[in-house]
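K.L.:
Supplied structure: query_36.cif, mmCIF, C-alpha atoms.
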data_entry
loop_
_atom_site.label_atom_id
_atom_site.label_comp_id
_atom_site.auth_asym_id
_atom_site.auth_seq_id
_atom_site.Cartn_x
_atom_site.Cartn_y
_atom_site.Cartn_z
CA MET A 1 -12.54 -61.12 62.28
CA LEU A 2 -10.37 -58.08 63.00
CA ARG A 3 -11.79 -54.66 62.15
CA PHE A 4 -10.32 -51.15 61.98
CA PRO A 5 -13.01 -48.43 61.84
CA ALA A 6 -13.10 -45.24 59.82
CA GLU A 7 -11.45 -42.21 61.39
CA TRP A 8 -14.78 -40.44 61.96
CA SER A 9 -15.91 -43.26 64.26
CA PRO A 10 -15.70 -42.48 68.01
CA HIS A 11 -12.27 -42.33 69.67
CA SER A 12 -11.34 -42.84 73.30
CA ALA A 13 -8.07 -40.99 72.80
CA VAL A 14 -5.51 -39.87 70.25
CA TRP A 15 -1.73 -40.13 70.37
CA ILE A 16 0.05 -37.04 69.05
CA GLY A 17 3.82 -36.82 68.61
CA PHE A 18 5.42 -33.74 70.14
CA PRO A 19 8.63 -32.38 68.56
CA SER A 20 11.42 -33.33 70.95
CA ALA A 21 14.76 -33.59 69.11
CA ALA A 22 16.57 -30.27 68.75
CA ASP A 23 19.10 -31.78 66.35
CA LEU A 24 16.28 -32.77 63.98
CA TRP A 25 14.09 -29.70 64.20
CA LEU A 26 16.75 -27.00 64.69
CA GLU A 27 15.23 -23.49 64.56
CA ASP A 28 11.81 -24.91 63.69
CA MET A 29 11.44 -26.88 66.92
CA GLU A 30 9.82 -24.26 69.15
CA PRO A 31 7.38 -22.95 66.52
CA ALA A 32 6.58 -26.55 65.52
CA GLN A 33 5.86 -27.33 69.17
CA GLU A 34 3.48 -24.37 69.26
CA GLN A 35 1.69 -25.59 66.13
CA VAL A 36 1.37 -29.11 67.58
CA ALA A 37 0.01 -27.62 70.81
CA ALA A 38 -2.59 -25.64 68.84
CA PHE A 39 -3.57 -28.86 67.05
CA ALA A 40 -3.90 -30.68 70.38
CA ARG A 41 -6.11 -27.92 71.80
CA ALA A 42 -8.34 -27.98 68.71
CA VAL A 43 -8.77 -31.78 68.90
CA ARG A 44 -9.48 -31.67 72.62
CA ALA A 45 -12.14 -28.99 71.97
CA ASP A 46 -12.38 -27.83 75.60
CA GLY A 47 -13.07 -31.38 76.74
CA LYS A 48 -15.73 -32.12 74.12
CA GLY A 49 -13.32 -34.18 72.00
CA GLU A 50 -11.25 -37.25 72.79
CA ILE A 51 -8.45 -37.46 75.34
CA VAL A 52 -5.25 -36.12 73.81
CA ARG A 53 -2.03 -37.89 74.74
CA LEU A 54 1.01 -35.86 73.77
CA ILE A 55 3.97 -38.21 73.39
CA CYS A 56 7.27 -36.55 74.32
CA ALA A 57 10.69 -38.14 73.87
CA ASN A 58 12.56 -36.36 76.67
CA ASP A 59 12.11 -34.28 79.80
CA GLN A 60 12.76 -30.97 78.05
CA ALA A 61 9.98 -31.62 75.54
CA ALA A 62 7.60 -32.75 78.28
CA GLU A 63 8.26 -29.54 80.23
CA ARG A 64 7.61 -27.49 77.10
CA ALA A 65 4.38 -29.40 76.43
CA VAL A 66 3.18 -28.65 79.96
CA ALA A 67 4.08 -24.97 79.56
CA LEU A 68 1.97 -24.71 76.40
CA LYS A 69 -1.16 -25.59 78.43
CA THR A 70 -2.88 -27.88 75.97
CA GLY A 71 -4.99 -29.72 78.54
CA ALA A 72 -3.50 -32.93 77.15
CA GLU A 73 -2.02 -35.89 78.99
CA ILE A 74 1.77 -35.79 78.76
CA HIS A 75 3.45 -39.16 78.17
CA LEU A 76 7.22 -39.53 78.23
CA LEU A 77 8.28 -42.30 75.83
CA PRO A 78 11.41 -42.50 73.66
CA PHE A 79 10.97 -42.10 69.90
CA PHE A 80 13.00 -40.91 66.93
CA ASP A 81 10.46 -38.47 65.49
CA ILE A 82 6.83 -37.46 65.75
CA TRP A 83 5.19 -39.35 62.85
CA LEU A 84 2.94 -41.55 64.98
CA ARG A 85 0.49 -42.14 62.14
CA ASP A 86 3.20 -44.43 60.79
CA THR A 87 4.89 -45.79 63.91
CA ALA A 88 2.02 -46.16 66.40
CA PRO A 89 -0.06 -49.35 66.36
CA LEU A 90 -3.49 -49.62 64.76
CA VAL A 91 -6.10 -50.49 67.38
CA VAL A 92 -8.51 -53.11 66.04
CA ARG A 93 -11.33 -55.22 67.44
CA ASP A 94 -11.71 -58.95 67.06
CA ASP A 95 -15.44 -59.18 66.46
CA ASP A 96 -15.39 -62.90 67.24
CA CYS A 97 -14.26 -62.43 70.85
CA GLY A 98 -14.70 -58.70 71.45
CA GLU A 99 -11.07 -58.15 72.42
CA LEU A 100 -9.02 -55.14 71.30
CA PHE A 101 -5.57 -55.58 69.82
CA ALA A 102 -2.80 -53.14 68.94
CA VAL A 103 -1.66 -54.30 65.51
CA ASP A 104 1.97 -53.27 65.19
CA TYR A 105 3.33 -53.42 61.66
CA ARG A 106 7.04 -53.51 61.01
CA GLY A 107 8.73 -50.30 59.95
CA ASN A 108 11.92 -49.81 57.99
CA GLY A 109 12.39 -46.06 58.18
CA TRP A 110 10.15 -45.21 55.22
CA GLY A 111 11.94 -47.46 52.78
CA GLY A 112 15.31 -47.25 54.52
CA LYS A 113 15.53 -43.44 54.52
CA TYR A 114 15.22 -42.81 58.28
CA PRO A 115 15.69 -46.11 60.14
CA SER A 116 15.57 -45.98 63.93
CA PRO A 117 15.21 -48.69 66.59
CA LEU A 118 13.32 -46.13 68.69
CA ASP A 119 10.59 -45.85 66.07
CA ASP A 120 10.56 -49.64 65.76
CA ALA A 121 9.82 -49.89 69.50
CA ILE A 122 7.32 -47.05 70.01
CA GLY A 123 4.33 -49.11 68.84
CA GLY A 124 4.87 -51.62 71.63
CA LEU A 125 5.40 -48.91 74.22
CA LEU A 126 2.18 -47.15 73.25
CA ALA A 127 0.28 -50.44 73.41
CA VAL A 128 1.59 -51.12 76.92
CA SER A 129 0.79 -47.57 78.06
CA ALA A 130 -2.80 -47.99 76.81
CA LYS A 131 -3.08 -51.51 78.32
CA LEU A 132 -3.69 -53.07 74.92
CA THR A 133 -2.63 -56.52 73.77
CA LEU A 134 0.21 -56.10 71.28
CA SER A 135 -0.17 -58.03 68.01
CA PRO A 136 3.03 -57.65 65.93
CA ARG A 137 3.12 -58.15 62.18
CA SER A 138 5.97 -59.00 59.81
CA MET A 139 4.67 -56.89 56.91
CA ILE A 140 6.11 -53.39 56.57
CA LEU A 141 3.33 -50.83 56.62
CA GLU A 142 2.96 -47.20 57.69
CA GLY A 143 -0.45 -45.97 58.80
CA GLY A 144 -0.28 -42.96 56.48
CA ALA A 145 -0.06 -45.31 53.50
CA ILE A 146 -3.69 -46.42 53.91
CA ASP A 147 -7.12 -44.94 54.54
CA LEU A 148 -10.30 -46.89 55.30
CA ASP A 149 -13.99 -46.06 54.99
CA GLY A 150 -15.16 -48.37 57.80
CA ALA A 151 -17.28 -50.40 55.37
CA GLY A 152 -14.59 -52.67 53.97
CA LEU A 153 -12.92 -50.32 51.48
CA LEU A 154 -9.27 -49.26 51.69
CA VAL A 155 -7.36 -46.80 49.48
CA THR A 156 -3.61 -46.77 49.02
CA THR A 157 -0.97 -46.02 46.38
CA GLU A 158 1.09 -48.37 44.28
CA GLN A 159 4.08 -46.08 44.74
CA CYS A 160 4.19 -46.91 48.44
CA LEU A 161 2.73 -50.35 49.09
CA LEU A 162 4.19 -51.94 45.95
CA ASN A 163 7.53 -50.18 46.32
CA PRO A 164 10.45 -52.64 46.35
CA ASN A 165 11.84 -50.77 49.37
CA ARG A 166 8.92 -51.98 51.52
CA ASN A 167 7.89 -55.62 50.95
CA PRO A 168 9.82 -56.76 47.86
CA LEU A 169 8.86 -60.42 48.23
CA MET A 170 5.12 -59.78 48.55
CA THR A 171 2.75 -59.61 45.59
CA ARG A 172 -0.24 -57.28 45.31
CA PRO A 173 -2.69 -60.13 46.13
CA GLU A 174 -0.59 -61.11 49.16
CA ILE A 175 -0.61 -57.52 50.47
CA GLU A 176 -4.37 -57.32 49.95
CA ALA A 177 -4.83 -60.63 51.79
CA ASN A 178 -2.87 -59.34 54.78
CA LEU A 179 -4.95 -56.15 54.89
CA GLN A 180 -8.12 -58.24 54.75
CA ILE A 181 -7.02 -60.40 57.68
CA ASP A 182 -5.62 -57.59 59.83
CA LEU A 183 -8.09 -54.74 59.23
CA GLY A 184 -11.29 -56.24 57.85
CA VAL A 185 -10.69 -54.94 54.33
CA LYS A 186 -12.90 -56.29 51.53
CA ARG A 187 -11.74 -54.20 48.57
CA VAL A 188 -8.66 -52.10 47.80
CA LEU A 189 -8.59 -49.03 45.56
CA TRP A 190 -5.08 -48.72 44.19
CA LEU A 191 -4.10 -45.18 43.22
CA GLY A 192 -0.82 -44.55 41.43
CA ALA A 193 1.76 -42.09 42.76
CA GLY A 194 1.63 -39.70 45.68
CA LEU A 195 2.51 -36.03 45.86
CA ALA A 196 5.67 -34.44 44.51
CA GLY A 197 8.27 -33.94 47.23
CA ASP A 198 6.79 -36.63 49.50
CA HIS A 199 9.68 -38.58 51.02
CA THR A 200 7.26 -41.29 52.24
CA ASP A 201 7.01 -42.62 48.67
CA GLY A 202 3.44 -41.53 48.15
CA HIS A 203 1.45 -41.85 51.36
CA VAL A 204 -2.22 -41.72 50.48
CA ASP A 205 -3.21 -39.51 53.42
CA ASN A 206 -1.71 -36.57 51.52
CA LEU A 207 -3.61 -37.44 48.34
CA ALA A 208 -7.00 -39.05 48.99
CA ARG A 209 -9.19 -39.43 52.06
CA PHE A 210 -12.49 -41.13 52.75
CA VAL A 211 -15.08 -38.71 54.14
CA ALA A 212 -17.99 -41.19 54.38
CA PRO A 213 -18.51 -44.86 53.51
CA GLY A 214 -17.78 -45.21 49.81
CA VAL A 215 -17.05 -41.50 49.38
CA LEU A 216 -13.52 -40.38 48.52
CA ALA A 217 -12.23 -36.80 48.61
CA LEU A 218 -9.66 -35.92 45.95
CA PRO A 219 -7.96 -32.59 45.14
CA GLU A 220 -8.35 -30.66 41.94
CA PRO A 221 -5.23 -28.88 40.60
CA ASP A 222 -4.76 -25.19 41.25
CA GLY A 223 -3.75 -23.88 37.88
CA PRO A 224 -1.14 -25.01 35.34
CA ASP A 225 1.80 -24.71 37.75
CA ASP A 226 0.35 -27.14 40.30
CA PRO A 227 3.14 -29.72 40.68
CA ASN A 228 0.61 -32.48 41.30
CA ALA A 229 -1.75 -31.89 38.39
CA ASP A 230 -0.84 -35.20 36.72
CA VAL A 231 -0.99 -37.08 40.02
CA TYR A 232 -4.49 -35.75 40.69
CA ALA A 233 -5.65 -36.57 37.17
CA ASP A 234 -4.44 -40.15 37.48
CA ALA A 235 -6.07 -40.55 40.91
CA TRP A 236 -9.40 -39.21 39.58
CA ALA A 237 -9.28 -41.58 36.61
CA ARG A 238 -8.56 -44.62 38.78
CA ALA A 239 -11.24 -43.72 41.32
CA LYS A 240 -13.82 -43.20 38.56
CA ASP A 241 -12.92 -46.54 36.98
CA PHE A 242 -13.32 -48.16 40.40
CA GLY A 243 -16.86 -46.80 40.57
CA ILE A 244 -16.54 -44.85 43.79
CA GLN A 245 -18.21 -41.52 44.59
CA ILE A 246 -15.71 -38.63 44.49
CA VAL A 247 -15.86 -35.28 46.28
CA PRO A 248 -13.55 -32.56 44.92
CA LEU A 249 -11.39 -30.51 47.28
CA PRO A 250 -8.98 -27.65 46.51
CA SER A 251 -5.24 -28.02 46.18
CA PRO A 252 -2.86 -25.50 47.76
CA GLY A 253 -0.98 -25.43 44.48
CA LEU A 254 2.74 -24.88 44.30
CA ILE A 255 4.33 -24.59 47.75
CA GLU A 256 8.11 -24.40 47.77
CA GLY A 257 10.67 -24.70 50.54
CA GLU A 258 14.44 -24.52 50.76
CA ASP A 259 14.80 -27.89 49.03
CA GLY A 260 12.17 -27.39 46.31
CA VAL A 261 8.54 -28.49 46.10
CA VAL A 262 6.92 -29.24 49.47
CA ALA A 263 4.33 -32.02 49.77
CA ALA A 264 1.73 -29.60 51.12
CA SER A 265 -1.86 -30.78 51.12
CA TYR A 266 -5.23 -30.03 52.68
CA MET A 267 -5.90 -33.78 52.66
CA ASN A 268 -3.73 -34.30 55.75
CA PHE A 269 -6.62 -33.30 58.02
CA TYR A 270 -7.44 -35.13 61.25
CA VAL A 271 -11.02 -36.15 62.10
CA GLY A 272 -11.66 -36.14 65.85
CA ASN A 273 -14.77 -36.71 67.94
CA ALA A 274 -15.70 -33.03 68.08
CA ALA A 275 -13.31 -31.37 65.63
CA VAL A 276 -11.69 -31.67 62.24
CA VAL A 277 -8.34 -29.91 61.95
CA VAL A 278 -7.16 -28.92 58.48
CA PRO A 279 -3.56 -27.90 57.68
CA THR A 280 -3.27 -24.50 56.05
CA HIS A 281 -0.33 -23.21 54.07
CA GLY A 282 -0.75 -19.47 53.65
CA ALA A 283 -2.14 -20.20 50.17
CA PRO A 284 -5.08 -18.53 48.42
CA ASN A 285 -7.14 -21.74 48.66
CA ASP A 286 -6.81 -22.11 52.46
CA ASP A 287 -10.25 -20.72 53.30
CA ALA A 288 -11.94 -22.57 50.46
CA ALA A 289 -10.41 -25.86 51.59
CA VAL A 290 -11.53 -25.42 55.20
CA LYS A 291 -15.03 -24.48 54.04
CA ALA A 292 -15.25 -27.47 51.71
CA ILE A 293 -14.13 -29.91 54.42
CA ALA A 294 -16.54 -28.30 56.92
CA ALA A 295 -19.39 -29.11 54.55
CA LEU A 296 -18.39 -32.78 54.70
CA PHE A 297 -18.38 -32.93 58.51
CA PRO A 298 -21.32 -30.72 59.59
CA ASP A 299 -21.47 -32.31 63.06
CA ARG A 300 -17.92 -31.21 63.95
CA LEU A 301 -16.11 -27.91 64.35
CA VAL A 302 -13.75 -27.66 61.38
CA THR A 303 -10.69 -25.48 61.95
CA GLY A 304 -7.78 -24.55 59.72
CA LEU A 305 -4.44 -24.16 61.47
CA PRO A 306 -1.00 -23.31 60.07
CA THR A 307 1.39 -26.21 59.73
CA ASN A 308 4.40 -24.66 57.99
CA HIS A 309 6.88 -25.42 60.78
CA ILE A 310 5.64 -29.00 61.25
CA LEU A 311 5.83 -29.45 57.49
CA THR A 312 9.58 -28.79 57.53
CA GLY A 313 9.85 -32.25 59.10
CA GLY A 314 7.95 -33.81 56.21
CA GLY A 315 4.33 -34.10 57.37
CA SER A 316 1.33 -32.46 58.94
CA PHE A 317 -1.49 -33.01 61.45
CA HIS A 318 -2.65 -36.42 60.24
CA CYS A 319 0.95 -37.64 60.05
CA ILE A 320 1.64 -36.88 63.72
CA SER A 321 -1.53 -38.44 65.14
CA GLN A 322 -3.05 -41.89 65.58
CA GLN A 323 -6.48 -42.40 67.09
CA VAL A 324 -7.53 -45.05 69.59
CA PRO A 325 -11.05 -46.08 68.47
CA ILE A 326 -14.03 -46.95 70.63
CA PHE A 327 -15.84 -50.04 69.39
#
Could you show the structure in this file as C-alpha cells?

P.N.:
Amino acid sequence: MLRFPAEWSPHSAVWIGFPSAADLWLEDMEPAQEQVAAFARAVRADGKGEIVRLICANDQAAERAVALKTGAEIHLLPFFDIWLRDTAPLVVRDDDCGELFAVDYRGNGWGGKYPSPLDDAIGGLLAVSAKLTLSPRSMILEGGAIDLDGAGLLVTTEQCLLNPNRNPLMTRPEIEANLQIDLGVKRVLWLGAGLAGDHTDGHVDNLARFVAPGVLALPEPDGPDDPNADVYADAWARAKDFGIQIVPLPSPGLIEGEDGVVAASYMNFYVGNAAVVVPTHGAPNDDAAVKAIAALFPDRLVTGLPTNHILTGGGSFHCISQQVPIF
C-alpha cells in the first residue's frame, strides 16, 4: 500500500521554487526573491530544520539565490513558475516493499489557465535529482488541492477536484478510489468552494489545513466585509457534519490588489521539521494568526513572514514548497 504522510511528519528535504522569470514577475521579482529567501532561511532554521533545495530556472536566478545567502542547496532546473506544491511529485512509501516513489500527477495549467510543458516536466526532473523512482499518473491533480492528516483522512474542495476543467470523465467515487490507491486515503472530506480571487479554482491549502490527526483548522470571518464569510460558513458546516474536530483560526479579512480581491490566507503556512512559517499580510489579525498557529505546533518555532510580493503571483509559502518525507 502506498502512503503519503502528514506534513508535520519528518522531512529529509523540501523543494522551494525561486522566482526566476522576469517577464512573469516584473517589478515584483526581486522583492519576491527576498521573501522566498527569508522563507528558506526560516525553514532551514540554522541547520535544525530540513535541507532546503531552492529550485531556480536560470543562471541569473541561481546567482541571485546564492547572493541572498540562504544556506540552501541551489538546483538549476527549468520550470515555468514557482508553484512546486502543485507541479512537484508527491513522495510516497510502498509499505509492502519499503520502496519510495515519486508520484507525479498530470497537470493541465490549473484548468487550462497557465499550461506549460516545463511545469509538466519538472516533477520528473525533481524525482531524478532526488534519485527517486518516478511513478506517473494519468489523473490531473495539484498538490495544493489536497491536505492529509497522516491517518487516512484527506480534505479537498468540490470546486477544484470535481471541476470539469480537471478530470471531466471521472466521477467522485473514481477520484476517491485513485486517492486511496496512490496516497493511502481512507476517507475524504469534501468542502465546497475555495477563496474568492483564487485562480486555482479553490485549492484547499488556502482554506483548511490539518494540524493533527483528525483535527482541521478553519478560518473564522473577520467582520461583515470579509469576502470569504460564506465560504468559511459552508466549510464549517460540512466539517461539522463530517464529525471532525475543528480548530478556529483568524482570517486576514478583505485584502485587495490591483485586480480586486486577493486570495490572502493564513492557512497557506508550511510545517517544517523545526519551523512553521505563516504568511502575513499587513492585516490587523497577523499577530493573532501567528500566535494561534504557534499554539498548535508547540514543538516548532512559528514565524510570520510577509508574502505580499509572492502573492502577486497567486500563492504563498505553502504553494511554492513541497516536502520530501522521511518514512

K.L.:
Report, in Å with one decimal, the straight-line distance from CA of Gln159 in chain A to CA of Asp286 in chain A.

P.N.:
27.4 Å

K.L.:
Could you tell me which of A:Ala274, A:Leu296, A:Val262, A:Leu2 comes closest to Leu249 in chain A if we count only C-alpha atoms?

P.N.:
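Checking each candidate against Leu249 in chain A, we get A:Leu296 as the closest.
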
K.L.:
Give me the residues within 12 Å of Ser129 in chain A as a list in words, counting only C-alpha atoms and dropping any in the same chain fewer than 6 places off.

P.N.:
Trp15, Arg53, Ile55, Ile74, His75, Leu76, Leu77, Ala88, Pro89, Ala102, Ile122 and Gly123 of chain A

K.L.:
Apply the PyMOL selection byres ((chain A and resi 103-111) around 7) to the structure shown and report the selected residues as number ranges by chain.

P.N.:
A: 89-92, 101-102, 112-116, 120, 123, 134-142, 165-166, 200

K.L.:
If I take CA of Ala67 in chain A and CA of Ser20 in chain A, how far is one from the other in Å, to one decimal?

P.N.:
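The value is 14.1 Å.
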
K.L.:
Given the file above and the PyMOL selection byres ((chain A and resi 292) around 10), which residues are selected, and can you give them as a list in words?

P.N.:
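For this structure, the PyMOL selection byres ((chain A and resi 292) around 10) resolves to Val247, Pro248, Leu249, Pro250, Asp287, Ala288, Ala289, Val290, Lys291, Ile293, Ala294, Ala295, Leu296, Phe297 and Val302 of chain A.
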
K.L.:
Rank nothing, just name the residue among A:Ala229, A:Ile310, A:Ala61, A:Ala6 nearest to Arg209 in chain A, using all atoms listed in the file.

P.N.:
A:Ala6

K.L.:
Just checking: using all atoms listed in the file, which residue out of A:Asp226, A:Glu27, A:Glu220, A:Asp95 ends up closest to Ala196 in chain A?

P.N.:
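Checking each candidate against Ala196 in chain A, we get A:Asp226 as the closest.
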
K.L.:
Using only C-alpha atoms, can you tell me which of A:Ser12, A:Gln35, A:Gln245, A:Thr70 comes closest to Pro306 in chain A?

P.N.:
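The answer is A:Gln35, which sits nearest to Pro306 in chain A.
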
K.L.:
Name the closest residue to Ala121 in chain A among the candidates A:Ala151, A:Val271, A:Leu84, A:Leu311; distances are taken between atoms, counting all atoms listed in the file.

P.N.:
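Looking only at the distances to Ala121 in chain A, the closest residue turns out to be A:Leu84.
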
K.L.:
Quick one: residues within 10 Å of Gly49 in chain A, all atoms listed in the file counted, chain neighbours fewer than 2 positions away excluded, as a ChimeraX atom specification?

P.N.:
/A:10-14,41-47,51-52,272-275,300

K.L.:
Could you check the closest approach to Ile244 in chain A for each of A:Asp205, A:Trp8, A:Leu189, A:Asn178 and tell me which residue wins, using all atoms listed in the file?

P.N.:
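Going through A:Asp205, A:Trp8, A:Leu189, A:Asn178 one by one, the smallest distance to Ile244 in chain A is for A:Leu189.
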
K.L.:
Tell me which residues the PyMOL selection byres ((chain A and resi 143) around 6) grabs here, as a list in words.

P.N.:
Arg85, Asp86, Glu142, Gly144, Ala145 and Ile146 of chain A

K.L.:
How far is it from CA of Leu26 in chain A to CA of Asn268 in chain A, in Å with one decimal?

P.N.:
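Pair CA of Leu26 in chain A / CA of Asn268 in chain A returns 23.5 Å.
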
K.L.:
Can you tell me, as a ChimeraX atom specification, what residues are no more than 10 Å from Phe242 in chain A when counting all atoms listed in the file, ignoring any on the same chain fewer than 4 positions away?

P.N.:
/A:188-190,236-238

K.L.:
Mind checking which residues fall within 8 Å of Phe317 in chain A, counting all atoms listed in the file, ignoring those fewer than 6 positions away in the same chain, and posting them as a list of chain:residue names?

P.N.:
A:Val36, A:Phe39, A:Asn268, A:Phe269, A:Tyr270, A:Val277, A:Val278, A:Pro279, A:Thr307

K.L.:
Might you pull out every residue within 10 Å of Leu207 in chain A, with all atoms listed in the file counted and same-chain residues fewer than 5 positions away left off, and present them as a list in words?

P.N.:
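Surrounding residues, per the criterion: Thr156, Thr157, Leu191, Ala193, Gly194, Leu195, Gly202, Ala217, Leu218, Pro219, Asn228, Val231, Tyr232, Ala235, Ser251, Ala263, Ala264, Ser265, Tyr266, Met267 and Asn268 of chain A.
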
K.L.:
Using the structure just given, write a file holding N, CA and C atoms for range 199-212 of chain A, as a short mmCIF file (atom, residue, chain, number, x, y, z; two decimals), in the first residue's frame.

P.N.:
data_model
loop_
_atom_site.label_atom_id
_atom_site.label_comp_id
_atom_site.auth_asym_id
_atom_site.auth_seq_id
_atom_site.Cartn_x
_atom_site.Cartn_y
_atom_site.Cartn_z
N HIS A 199 -7.26 31.78 -8.36
CA HIS A 199 -7.29 31.31 -9.74
C HIS A 199 -7.01 29.81 -9.87
N THR A 200 -6.76 29.12 -8.72
CA THR A 200 -6.57 27.67 -8.78
C THR A 200 -7.90 26.92 -8.74
N ASP A 201 -9.00 27.62 -8.71
CA ASP A 201 -10.32 27.00 -8.58
C ASP A 201 -10.48 26.34 -7.22
N GLY A 202 -10.05 27.03 -6.18
CA GLY A 202 -10.39 26.59 -4.84
C GLY A 202 -9.46 25.60 -4.19
N HIS A 203 -8.15 25.81 -4.30
CA HIS A 203 -7.23 24.92 -3.60
C HIS A 203 -7.49 24.95 -2.09
N VAL A 204 -7.50 23.77 -1.50
CA VAL A 204 -7.87 23.66 -0.09
C VAL A 204 -6.78 24.19 0.83
N ASP A 205 -5.53 24.27 0.37
CA ASP A 205 -4.47 24.71 1.28
C ASP A 205 -4.53 26.20 1.57
N ASN A 206 -5.48 26.91 0.97
CA ASN A 206 -5.77 28.29 1.33
C ASN A 206 -6.98 28.40 2.25
N LEU A 207 -7.68 27.28 2.43
CA LEU A 207 -8.95 27.28 3.15
C LEU A 207 -8.93 26.47 4.43
N ALA A 208 -8.41 25.25 4.37
CA ALA A 208 -8.49 24.33 5.51
C ALA A 208 -7.23 23.48 5.56
N ARG A 209 -6.68 23.33 6.78
CA ARG A 209 -5.46 22.54 6.93
C ARG A 209 -5.57 21.62 8.15
N PHE A 210 -5.09 20.41 8.00
CA PHE A 210 -4.97 19.54 9.16
C PHE A 210 -3.81 20.01 10.02
N VAL A 211 -4.01 19.98 11.34
CA VAL A 211 -2.96 20.37 12.28
C VAL A 211 -2.62 19.24 13.24
N ALA A 212 -3.35 18.15 13.16
CA ALA A 212 -3.11 16.91 13.91
C ALA A 212 -4.04 15.87 13.31
#
